[in-house]
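As provided, protein.txt (compact mmCIF, C-alpha atoms) reads as follows.
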# COMPACT_ATOMS: atom_id res chain seq x y z
CA MET N 152 15.71 -21.65 4.53
CA ASN N 153 17.75 -18.86 6.04
CA THR N 154 15.17 -16.10 6.05
CA LYS N 155 17.18 -13.77 8.24
CA THR N 156 17.38 -10.27 6.80
CA GLU N 157 19.96 -7.70 7.78
CA VAL N 158 19.21 -5.71 10.93
CA LEU N 159 20.20 -2.23 9.86
CA THR N 160 19.59 1.24 11.19
CA ASP N 161 18.10 3.86 8.90
CA LEU N 162 21.55 5.46 8.69
CA GLU N 163 23.14 2.19 7.56
CA LEU N 164 20.34 1.60 5.08
CA SER N 165 20.76 5.13 3.74
CA GLY N 166 24.46 4.41 3.17
CA ILE N 167 23.59 1.37 1.05
CA ILE N 168 21.06 3.40 -0.90
CA GLN N 169 23.62 6.12 -1.62
CA GLU N 170 26.15 3.54 -2.79
CA ALA N 171 23.51 1.84 -4.95
CA ARG N 172 22.58 5.12 -6.63
CA TRP N 173 26.24 5.80 -7.36
CA ARG N 174 26.81 2.35 -8.80
CA VAL N 175 23.80 2.74 -11.12
CA ILE N 176 25.16 5.96 -12.60
CA ASP N 177 28.73 4.69 -12.75
CA THR N 178 27.77 1.34 -14.29
CA VAL N 179 25.58 2.91 -16.95
CA ALA N 180 28.38 5.33 -17.83
CA SER N 181 30.92 2.49 -18.08
CA SER N 182 28.63 0.24 -20.12
CA ARG N 183 27.37 3.10 -22.29
CA ALA N 184 23.84 1.71 -21.88
CA GLY N 185 21.01 1.58 -19.38
CA HIS N 186 18.48 3.69 -17.52
CA ILE N 187 18.99 6.23 -14.75
CA GLY N 188 15.76 7.99 -13.74
CA GLY N 189 13.61 4.96 -12.91
CA PRO N 190 16.23 3.02 -10.93
CA LEU N 191 17.04 6.09 -8.84
CA SER N 192 13.38 6.84 -8.07
CA ALA N 193 12.78 3.25 -6.97
CA MET N 194 16.04 2.69 -5.07
CA ASP N 195 14.82 3.49 -1.52
CA VAL N 196 12.04 0.90 -1.85
CA LEU N 197 14.25 -1.70 -3.56
CA VAL N 198 16.95 -1.53 -0.87
CA SER N 199 14.34 -1.54 1.91
CA LEU N 200 12.76 -4.66 0.44
CA TYR N 201 15.97 -6.64 -0.04
CA PHE N 202 17.70 -5.58 3.18
CA ARG N 203 14.74 -5.54 5.57
CA HIS N 204 11.60 -7.29 4.40
CA LEU N 205 12.05 -10.08 1.85
CA ARG N 206 12.47 -13.60 3.22
CA ILE N 207 15.36 -14.62 1.01
CA ASP N 208 18.69 -16.41 1.08
CA PRO N 209 21.15 -15.03 -1.49
CA HIS N 210 23.12 -18.28 -1.20
CA ASN N 211 20.05 -20.32 -2.19
CA PRO N 212 18.22 -18.12 -4.72
CA GLN N 213 15.95 -20.93 -5.93
CA ASP N 214 14.61 -21.90 -2.51
CA PRO N 215 10.93 -22.75 -3.14
CA ASP N 216 9.86 -21.02 0.08
CA ARG N 217 11.51 -17.68 -0.66
CA ASP N 218 9.54 -14.49 -1.17
CA ARG N 219 9.30 -13.47 -4.83
CA PHE N 220 10.01 -10.07 -6.33
CA ILE N 221 9.20 -9.02 -9.90
CA LEU N 222 10.55 -5.81 -11.42
CA SER N 223 7.74 -5.29 -13.92
CA LYS N 224 9.34 -2.09 -15.23
CA GLY N 225 12.17 -4.23 -16.52
CA HIS N 226 14.04 -1.42 -18.28
CA CYS N 227 15.19 -0.39 -14.77
CA ALA N 228 17.16 -3.65 -14.49
CA ILE N 229 20.42 -1.99 -13.48
CA GLY N 230 18.70 -0.85 -10.28
CA LEU N 231 17.67 -4.41 -9.43
CA TYR N 232 21.08 -5.85 -10.38
CA THR N 233 22.83 -3.33 -8.14
CA VAL N 234 20.70 -4.24 -5.14
CA LEU N 235 21.10 -7.98 -5.81
CA ALA N 236 24.88 -7.56 -6.00
CA LEU N 237 25.04 -5.53 -2.79
CA ARG N 238 22.81 -8.13 -1.09
CA GLY N 239 25.22 -10.91 -2.06
CA TYR N 240 23.62 -12.74 -5.00
CA PHE N 241 26.73 -12.25 -7.14
CA PRO N 242 29.98 -10.27 -6.96
CA VAL N 243 29.60 -6.49 -7.09
CA ASP N 244 32.43 -6.36 -9.64
CA GLU N 245 30.16 -8.24 -12.06
CA LEU N 246 28.11 -5.06 -12.50
CA ALA N 247 30.88 -3.95 -14.87
CA SER N 248 29.60 -6.52 -17.37
CA PHE N 249 26.13 -4.95 -17.51
CA ASP N 250 24.53 -5.19 -20.97
CA HIS N 251 27.63 -6.79 -22.49
CA GLY N 252 27.43 -9.84 -24.74
CA ASN N 253 27.46 -13.13 -22.78
CA SER N 254 26.89 -11.25 -19.51
CA ARG N 255 24.37 -12.55 -16.95
CA LEU N 256 23.25 -8.95 -16.52
CA GLN N 257 21.35 -8.09 -19.67
CA GLY N 258 19.46 -4.85 -20.34
CA HIS N 259 16.26 -6.46 -19.07
CA PRO N 260 16.03 -9.04 -16.26
CA ASP N 261 16.38 -12.67 -17.38
CA MET N 262 15.34 -15.28 -14.81
CA LEU N 263 17.31 -17.96 -16.66
CA LEU N 264 20.57 -16.02 -16.34
CA THR N 265 20.70 -13.94 -13.18
CA PRO N 266 20.63 -15.27 -9.60
CA GLY N 267 17.81 -13.61 -7.66
CA VAL N 268 15.68 -12.65 -10.68
CA ASP N 269 12.28 -14.33 -10.26
CA ALA N 270 10.73 -13.30 -13.59
CA SER N 271 11.97 -12.14 -16.99
CA THR N 272 10.52 -8.71 -17.70
CA GLY N 273 10.85 -5.95 -20.22
CA SER N 274 7.62 -5.93 -22.16
CA LEU N 275 5.74 -3.50 -19.97
CA GLY N 276 2.50 -4.42 -18.26
CA GLN N 277 3.10 -8.14 -17.77
CA GLY N 278 4.75 -8.34 -14.36
CA LEU N 279 1.63 -8.03 -12.24
CA SER N 280 -0.10 -10.91 -13.99
CA SER N 281 2.99 -13.07 -13.48
CA GLY N 282 3.01 -12.08 -9.82
CA ALA N 283 -0.67 -12.95 -9.47
CA GLY N 284 0.10 -16.37 -10.93
CA MET N 285 2.87 -16.91 -8.38
CA ALA N 286 0.63 -15.76 -5.54
CA LEU N 287 -2.19 -18.03 -6.70
CA GLY N 288 0.28 -20.91 -7.00
CA ALA N 289 1.37 -20.34 -3.41
CA LYS N 290 -2.25 -20.51 -2.29
CA LYS N 291 -2.84 -23.74 -4.19
CA LEU N 292 0.34 -25.35 -2.82
CA GLY N 293 -0.19 -24.15 0.74
CA LYS N 294 3.01 -22.08 0.64
CA ASP N 295 3.51 -19.04 2.86
CA PHE N 296 5.70 -16.87 0.64
CA HIS N 297 4.79 -13.31 -0.39
CA THR N 298 4.99 -12.00 -3.95
CA TRP N 299 5.93 -8.38 -4.59
CA VAL N 300 5.65 -6.61 -7.95
CA MET N 301 7.04 -3.16 -8.74
CA LEU N 302 5.35 -1.26 -11.57
CA GLY N 303 6.08 2.12 -13.12
CA ASP N 304 3.41 4.81 -13.32
CA GLY N 305 3.86 5.07 -17.08
CA GLU N 306 3.67 1.29 -17.29
CA ILE N 307 0.20 1.13 -15.77
CA GLU N 308 -1.16 2.68 -18.93
CA GLU N 309 -0.96 -0.91 -20.22
CA GLY N 310 -4.36 -2.63 -20.19
CA MET N 311 -3.05 -5.99 -18.99
CA VAL N 312 -2.22 -4.39 -15.63
CA TRP N 313 -5.88 -3.62 -15.03
CA GLU N 314 -7.07 -7.10 -15.95
CA THR N 315 -4.98 -8.31 -13.00
CA VAL N 316 -6.05 -5.46 -10.73
CA LEU N 317 -9.63 -6.54 -11.43
CA SER N 318 -9.11 -10.28 -10.99
CA ALA N 319 -6.59 -10.55 -8.12
CA PRO N 320 -9.15 -9.74 -5.36
CA ARG N 321 -11.49 -12.41 -6.73
CA PHE N 322 -8.80 -15.01 -6.01
CA GLY N 323 -8.22 -13.66 -2.50
CA LEU N 324 -4.54 -12.93 -3.19
CA ASP N 325 -3.59 -11.34 0.13
CA ASN N 326 -0.07 -12.71 -0.49
CA LEU N 327 0.39 -10.29 -3.44
CA THR N 328 1.57 -6.68 -3.20
CA ALA N 329 1.85 -4.23 -6.09
CA ILE N 330 4.19 -1.28 -5.57
CA VAL N 331 3.58 1.52 -8.07
CA ASP N 332 6.62 3.77 -8.44
CA VAL N 333 4.91 7.09 -9.24
CA ASN N 334 7.76 9.36 -10.31
CA GLY N 335 5.51 11.51 -12.50
CA LEU N 336 7.64 11.51 -15.64
CA GLN N 337 8.00 9.22 -18.62
CA GLN N 338 10.20 9.25 -21.67
CA TYR N 339 7.33 9.31 -24.13
CA GLY N 340 3.67 10.03 -23.65
CA TRP N 341 0.98 11.48 -25.78
CA PRO N 342 0.91 14.62 -27.97
CA ALA N 343 0.55 17.75 -25.86
CA GLY N 344 -0.26 20.10 -28.72
CA PRO N 345 1.72 22.60 -30.79
CA GLY N 346 5.30 23.15 -29.74
CA ASP N 347 5.91 19.84 -28.02
CA ARG N 348 5.93 16.46 -29.66
CA PHE N 349 5.21 14.58 -26.47
CA ASP N 350 3.79 15.38 -23.06
CA ARG N 351 6.12 13.33 -20.92
CA SER N 352 4.86 14.46 -17.54
CA GLU N 353 2.27 13.15 -15.11
CA PRO N 354 1.37 9.87 -16.84
CA VAL N 355 -1.33 9.21 -14.25
CA GLY N 356 -1.34 12.60 -12.57
CA HIS N 357 -5.04 13.04 -13.21
CA VAL N 358 -5.91 9.73 -11.55
CA ASP N 359 -6.48 9.08 -7.83
CA LEU N 360 -4.64 5.76 -7.80
CA GLU N 361 -5.36 5.07 -4.15
CA ALA N 362 -9.08 5.41 -4.78
CA VAL N 363 -8.89 3.31 -7.95
CA PHE N 364 -7.06 0.37 -6.35
CA THR N 365 -9.33 0.58 -3.30
CA GLY N 366 -12.35 0.58 -5.58
CA PHE N 367 -11.14 -2.60 -7.25
CA GLY N 368 -10.99 -4.29 -3.84
CA TRP N 369 -7.33 -3.83 -2.81
CA ASN N 370 -5.86 -2.74 0.51
CA THR N 371 -4.19 0.52 -0.48
CA ILE N 372 -1.71 2.93 1.04
CA SER N 373 0.09 5.97 -0.39
CA ILE N 374 3.58 6.88 0.80
CA ASN N 375 6.57 9.09 0.19
CA GLY N 376 8.82 6.59 -1.57
CA HIS N 377 11.97 8.33 -0.31
CA ASP N 378 11.00 8.24 3.40
CA LEU N 379 12.45 5.10 4.97
CA LYS N 380 9.96 5.02 7.85
CA GLU N 381 6.96 5.37 5.55
CA ILE N 382 8.40 2.67 3.27
CA SER N 383 9.04 0.28 6.14
CA ASP N 384 5.61 0.86 7.63
CA ALA N 385 3.95 0.25 4.25
CA LEU N 386 5.88 -2.96 3.55
CA THR N 387 5.06 -4.22 7.06
CA PHE N 388 1.43 -3.21 6.46
CA ALA N 389 1.33 -5.31 3.30
CA GLN N 390 2.97 -8.31 4.98
CA SER N 391 0.48 -8.17 7.86
CA PHE N 392 -2.41 -8.93 5.52
CA ARG N 393 -1.00 -12.22 4.20
CA GLY N 394 -3.41 -15.01 5.10
CA VAL N 395 -5.75 -12.60 6.84
CA SER N 396 -7.44 -10.01 4.66
CA GLY N 397 -8.33 -11.95 1.52
CA LYS N 398 -7.32 -8.91 -0.53
CA PRO N 399 -4.11 -7.94 -2.37
CA THR N 400 -2.33 -4.76 -1.35
CA ALA N 401 -1.24 -1.78 -3.44
CA ILE N 402 1.43 0.66 -2.28
CA ILE N 403 1.36 3.95 -4.16
CA SER N 404 4.98 5.08 -3.80
CA ASN N 405 5.29 8.76 -4.69
CA THR N 406 8.85 9.47 -5.82
CA THR N 407 11.00 11.83 -7.86
CA LYS N 408 12.56 10.60 -11.08
CA GLY N 409 16.36 10.52 -10.91
CA PHE N 410 16.21 11.17 -7.15
CA GLY N 411 19.42 11.92 -5.25
CA VAL N 412 21.59 13.61 -7.87
CA SER N 413 21.14 17.26 -8.81
CA PHE N 414 21.43 16.91 -12.58
CA THR N 415 19.26 13.77 -12.91
CA GLN N 416 16.54 14.65 -10.43
CA GLY N 417 13.13 15.68 -11.72
CA THR N 418 13.78 15.57 -15.46
CA TYR N 419 12.62 13.15 -18.14
CA LYS N 420 15.90 13.77 -19.98
CA TRP N 421 17.62 11.40 -17.55
CA HIS N 422 15.15 8.59 -18.18
CA ASN N 423 18.35 7.21 -19.63
CA GLY N 424 21.67 8.85 -20.34
CA ILE N 425 25.43 8.57 -20.07
CA ALA N 426 27.13 10.75 -17.48
CA THR N 427 30.25 12.65 -18.48
CA GLU N 428 33.41 12.55 -16.35
CA GLU N 429 32.43 15.89 -14.81
CA GLN N 430 28.91 14.64 -14.10
CA LEU N 431 30.35 11.49 -12.54
CA ARG N 432 32.47 13.66 -10.28
CA ILE N 433 29.39 15.64 -9.22
CA ALA N 434 27.31 12.51 -8.63
CA ARG N 435 30.09 10.86 -6.65
CA GLU N 436 30.42 13.92 -4.43
CA GLU N 437 26.67 14.37 -3.92
CA LEU N 438 26.25 10.68 -3.07
CA GLY N 439 29.19 10.71 -0.70
CA GLN N 440 31.16 8.05 -2.56
CA ASN N 441 34.90 7.59 -2.60
CA MET N 442 36.10 6.66 -6.08
CA GLU N 443 38.60 4.04 -4.93
CA ALA N 444 36.16 2.45 -2.51
CA ALA N 445 33.38 2.45 -5.07
CA LYS N 446 35.37 0.69 -7.78
As structure tokens, what does this structure read like?
Amino acid sequence: MNTKTEVLTDLELSGIIQEARWRVIDTVASSRAGHIGGPLSAMDVLVSLYFRHLRIDPHNPQDPDRDRFILSKGHCAIGLYTVLALRGYFPVDELASFDHGNSRLQGHPDMLLTPGVDASTGSLGQGLSSGAGMALGAKKLGKDFHTWVMLGDGEIEEGMVWETVLSAPRFGLDNLTAIVDVNGLQQYGWPAGPGDRFDRSEPVGHVDLEAVFTGFGWNTISINGHDLKEISDALTFAQSFRGVSGKPTAIISNTTKGFGVSFTQGTYKWHNGIATEEQLRIAREELGQNMEAAK
């Protein structure tokens, strides 16, 4: 397997991240469907994974020895599709078919349709258990691949997540890493009281996630999910434990929802949304994208 990943400087990686953020907003606007806030909060980690850390070959996406990645918060599929396209799994122009009938790029990832998608997700809370199964399978088969799972902070309100958090250390799954994208906002939450139907903020803001994962027997690290050095160090940290520690690893990635664009950043209202022509102009300018080059 060709496991060579791109050797990129932080500046080059930042350029890919900026382009990816632009393509998310532009694609969602063109398709009139999709999510914005979650893909943008997770983009620095997604690009870092696919361009620096995953042992993958975009020309052989079913290689049995490849690293696996599961986007458990499957409603952020356009973020994953964008990174897969930029990494070479399929033509970038295909993003224009996002969420269309007969497209390979449906609103939630489908492993039977899209090259590079290792698990079908969308029903929240199920990705980590699938990842634990893959990691356990690798152990049983004597394989050396690493399984990565990205969860949302709102998503971890699902009980099934914690069944896996409890059981994964018992199976010694040091080849499994959970990345929790903690952007601090969700579309819907629980009643906040008079005057507001839902409290959409801080889904797990009252919980010390690092202490919780550590208490369940995981290696745990908290990072700024928009700092490329902290991301790279954390992903390397997780990889270093494979075959050594006997414990899975959790990366608590603290991010900002809708990061990178002034009108989407830090608001639940851009959990999803369709940018206007004027908003597209602003996003394109703020992300340093040339319209003709980006199309």
**Study point:** Selection: 6 Å around segment 368-381 of chain N, only C-alpha atoms, excl. self and same-chain fewer than 3 positions, as a list of chain:residue names
**Key:**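 Near neighbours after the sequence-gap exclusion: N:Asp195, N:Pro320, N:Glu361, N:Phe364, N:Thr365, N:Asp384, N:Lys398, N:Pro399, N:Thr400, N:Ala401, N:Ile402, N:Ile403, N:Ser404, N:Asn405, N:Thr406.
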Filtering to C-alpha atoms, could you give me those residues as a JSON list (two decimals), in the frame of the given file?
[["chain", "number", "residue", "atom", "x", "y", "z"],
["N", 195, "ASP", "CA", 14.82, 3.49, -1.52],
["N", 320, "PRO", "CA", -9.15, -9.74, -5.36],
["N", 361, "GLU", "CA", -5.36, 5.07, -4.15],
["N", 364, "PHE", "CA", -7.06, 0.37, -6.35],
["N", 365, "THR", "CA", -9.33, 0.58, -3.30],
["N", 384, "ASP", "CA", 5.61, 0.86, 7.63],
["N", 398, "LYS", "CA", -7.32, -8.91, -0.53],
["N", 399, "PRO", "CA", -4.11, -7.94, -2.37],
["N", 400, "THR", "CA", -2.33, -4.76, -1.35],
["N", 401, "ALA", "CA", -1.24, -1.78, -3.44],
["N", 402, "ILE", "CA", 1.43, 0.66, -2.28],
["N", 403, "ILE", "CA", 1.36, 3.95, -4.16],
["N", 404, "SER", "CA", 4.98, 5.08, -3.80],
["N", 405, "ASN", "CA", 5.29, 8.76, -4.69],
["N", 406, "THR", "CA", 8.85, 9.47, -5.82]]
**Study point:** Pick from N:Pro209, N:Gly303, N:Gly230, N:Gly288, whichever lies nearest to Leu324 of chain N using all atoms listed in the file
**Key:**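 Among the listed residues, N:Gly288 lies closest to Leu324 of chain N.
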Point to revise | Spatial neighbours of segment 253-261 of chain N, max dist 9 Å, only C-alpha atoms, sep filter under 4 positions, as a list in words | key: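 With the cut-off at 9 Å, the set is Ala184, Gly185, Leu222, Gly225, His226, Cys227, Ala228, Ile229, Leu231, Tyr232, Glu245, Leu246, Ser248, Phe249, Thr265, Pro266, Val268, Asp269, Ala270, Ser271, Thr272 and Gly273 of chain N.
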Study note, to complete from the structure: atom CA of Asn326 of chain N to atom CA of Ile207 of chain N measures 15.6 Å
Point to revise | Contacts of Thr427 of chain N at 10 Å (all atoms listed in the file; same-chain gap of 4+ positions) as JSON, numbers by chain | key: {"N": [177, 180, 431, 432, 433]}
Go ahead and save the residues from that selection, with C-alpha atoms, as a short mmCIF file (atom, residue, chain, number, x, y, z; two decimals), keeping the file's coordinate frame.
data_model
loop_
_atom_site.label_atom_id
_atom_site.label_comp_id
_atom_site.auth_asym_id
_atom_site.auth_seq_id
_atom_site.Cartn_x
_atom_site.Cartn_y
_atom_site.Cartn_z
CA ASP N 177 28.73 4.69 -12.75
CA ALA N 180 28.38 5.33 -17.83
CA LEU N 431 30.35 11.49 -12.54
CA ARG N 432 32.47 13.66 -10.28
CA ILE N 433 29.39 15.64 -9.22
#
Review point. If we count all atoms listed in the file, what is near Thr418 of chain N at a cut-off of 8 Å, once residues fewer than 2 positions away on the same chain are taken out, given as a PyMOL selection string?
Key: chain N and resi 336+408-409+415-416+420-422
Check your understanding: Could you state the separation of atom CA of Asn211 of chain N and atom CA of Ala286 of chain N in Å, given to one decimal place?
Key ->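 Result for atom CA of Asn211 of chain N versus atom CA of Ala286 of chain N: 20.2 Å, one decimal.
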Exercise for review: Could you please determine the separation between atom CA of Thr407 of chain N and atom CA of Val300 of chain N in Å, to one decimal place?
Suggested key: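 Computing it gives 19.2 Å between the two atoms.
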Exercise for review: Using all atoms listed in the file, pick whichever of N:Val355, N:Gly366, N:Val333, N:Lys291 has the shortest atom-to-atom distance to Val316 of chain N.
Suggested key: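 Closest residue, counting all atoms listed in the file: N:Gly366.
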Review point. If we count all atoms listed in the file, what is near His297 of chain N at a cut-off of 7 Å, once residues fewer than 4 positions away on the same chain are taken out, given as number ranges by chain?
Key: N: 218-219, 326-327
Practice item. Tell me which of N:Glu170, N:Asp359, N:Glu428, N:Asp304 sits closest to Ile330 of chain N, counting all atoms listed in the file. Key: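 Closest candidate: N:Asp304.
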Practice item. Return the single residue from N:Gly284, N:Gly276, N:Gly189, N:Pro354 that is closest to Val312 of chain N, with distances computed using only C-alpha atoms. Key: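 With only C-alpha atoms as the atom set, the closest residue is N:Gly276.
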Review point. Which one is closest to Leu317 of chain N: N:Ala283, N:Ile221, N:Leu159, N:Val234? Count all atoms listed in the file.
Key: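 Checking each candidate against Leu317 of chain N, we get N:Ala283 as the closest.
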Edge lengths and centre in Å, axis-aligned, segment 207-217 of chain N plus 8 Å each side, as JSON:
{"center_x": 16.5, "center_y": -18.7, "center_z": -2.4, "size_x": 29.3, "size_y": 24.1, "size_z": 23.0}
Check your understanding: Quick one: of N:Trp299, N:Phe410, N:Phe241, N:Phe388, who's nearest to His210 of chain N, counting all atoms listed in the file?
Key ->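 Of all the options, N:Phe241 lies closest to His210 of chain N.
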